[in-house]
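**Student:** Below is one structure. I have some questions about it.
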Amino acid sequence: MEEAREMLRQGVLTHLEVLEEKSVKLSQYQQQTLQKQSRVKKLRDTVQRLRAQRDQLRAKVNSTMSLQMLTAVLNLEGQDSNEEDDEETQYSIPEVNMSLLKARQTQVKSFLDIHRLIGGYDITETRSGRGLCFSLSTAYEGLYLDSYNLEIDLTRTLRIYRHNIPPFIPLEQLAKQNLQTDILGFLSSLSQHLNGFAGRSYQVKQIQEQLGDTVAVLEKNSLCNLVTIMCSDKVGKETSVLIILEYGDLTRCLPTQVTIESEDKALSHTARWIEYQSLFMQTPGHKVLLNLKKKGRIL
């Protein structure tokens, strides 16, 4: 009988321990649930706050755009305000609407220009969300030049899926440096290399097109970071001059070293050619040569 009572007591204690363990787990679960609910509430509050800020910014942008378009229309209307017959200066409703549309198109184009010039990238989703294609435009002196496309695979670690970047651009090296850790930094660095190449190539093209009868581009490599130019010095005894432009920084459009060579060994040490040498390192090459030609310094 005593043995049965002891077994019953042990069974009750075991059952109480199980209930206590379940109670502790339930309490922990409730605490975790409350914490999750608190985090969710904070996230929702953050989303609402960001949406409110977005709406405020949109309202400001719309207000600014409306003001600019109205100003454009008023400027158009004010062009003939000094004419004697005021009725001839009145615009019909369709003309005003067209003016508003033109003003909006001009503004949107300006926004796109600014977006690209400050390094903005056009992004397109590819392969049903498994990739992103970035379009990188190059520009020099306010002129748009070539555009390049780069598709990034997002399925695993970030990797370059396909591209039309010129083979002489150090794409793999740039990708190893920061593609995985800083994709915007990678795109910025790649854009600088592309714009540097575009600027150097543009200068060489301008020399060939504008100065082909005076200056000869004897040598240039694919990257246009080593360019050899020949012209004739017109001051004093006419003599041929080689100008070697070396671009140690591939992101720049100006050379880091300029070498002057001539049959007249003393020519490169004259004050004027030392000045020319300095100009090449501060001013685009085609502009320096055009200026020297206009002044009658080279032939």
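All residue names refer to the structure tokens as shown: chains lettered A, B, ... in order, residues numbered from 1 in each chain, ligands numbered from 1 in order.
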Please run DSSP on the backbone and report, as number ranges by chain, all residues within segment 253-289 of chain A that come out as alpha helix (DSSP H).
**Tutor:** A: 271-280, 285-289
**Student:** Considering only C-alpha atoms, return as a PyMOL selection string whatever protein or nucleic-acid residues lie within 9 Å of segment 250-263 of chain A, sequence-local ones (same chain, fewer than 5 positions apart) excluded.
**Tutor:** chain A and resi 189-201+203+223+225-226+239-245+268+273-274+277-278+280-285
**Student:** Hey, what's within 7 Å of Glu151 of chain A if we count only C-alpha atoms and toss same-chain stuff fewer than 2 positions away? As an NGL selection string, please?
**Tutor:** :A and (131-134 or 149 or 153 or 160-163)
**Student:** Just N, CA and C atoms for this one: save the residues we selected as a CSV table (one decimal), in the first residue's frame.
**Tutor:**
```csv
chain,number,residue,atom,x,y,z
A,131,GLY,N,18.6,38.9,-62.2
A,131,GLY,CA,19.8,39.8,-62.5
A,131,GLY,C,19.4,41.2,-62.7
A,132,LEU,N,20.4,42.1,-62.6
A,132,LEU,CA,20.2,43.5,-62.9
A,132,LEU,C,21.1,44.0,-63.9
A,133,CYS,N,20.7,44.8,-64.9
A,133,CYS,CA,21.5,45.3,-65.9
A,133,CYS,C,21.7,46.8,-65.7
A,134,PHE,N,23.0,47.2,-65.6
A,134,PHE,CA,23.3,48.6,-65.3
A,134,PHE,C,23.8,49.2,-66.7
A,149,ASN,N,26.9,48.4,-71.1
A,149,ASN,CA,25.9,47.7,-70.3
A,149,ASN,C,26.6,46.6,-69.5
A,153,ASP,N,24.6,39.0,-62.0
A,153,ASP,CA,23.8,37.8,-61.6
A,153,ASP,C,23.6,37.9,-60.1
A,160,ILE,N,29.5,39.0,-62.4
A,160,ILE,CA,29.2,39.6,-63.7
A,160,ILE,C,28.7,38.5,-64.6
A,161,TYR,N,27.5,38.7,-65.1
A,161,TYR,CA,26.9,37.7,-66.0
A,161,TYR,C,27.3,37.9,-67.5
A,162,ARG,N,27.1,39.1,-67.9
A,162,ARG,CA,27.6,39.5,-69.3
A,162,ARG,C,27.7,41.0,-69.4
A,163,HIS,N,28.5,41.5,-70.4
A,163,HIS,CA,28.7,42.9,-70.5
A,163,HIS,C,29.3,43.2,-71.9
```
**Student:** Please report the interatomic distance between atom CA of Arg272 of chain A and atom CA of Val217 of chain A in Å with one decimal.
**Tutor:** 21.9 Å
**Student:** Using only C-alpha atoms, pick whichever of A:Thr33, A:Ser147, A:Asn221, A:Asn291 has the shortest atom-to-atom distance to Asn164 of chain A.
**Tutor:** A:Ser147
**Student:** Could you pull out all residues of segment 187-261 of chain A with a DSSP call of strand (DSSP E or B) and give them as a ChimeraX atom specification?
**Tutor:** /A:216-220,226-233,239-246,257-261
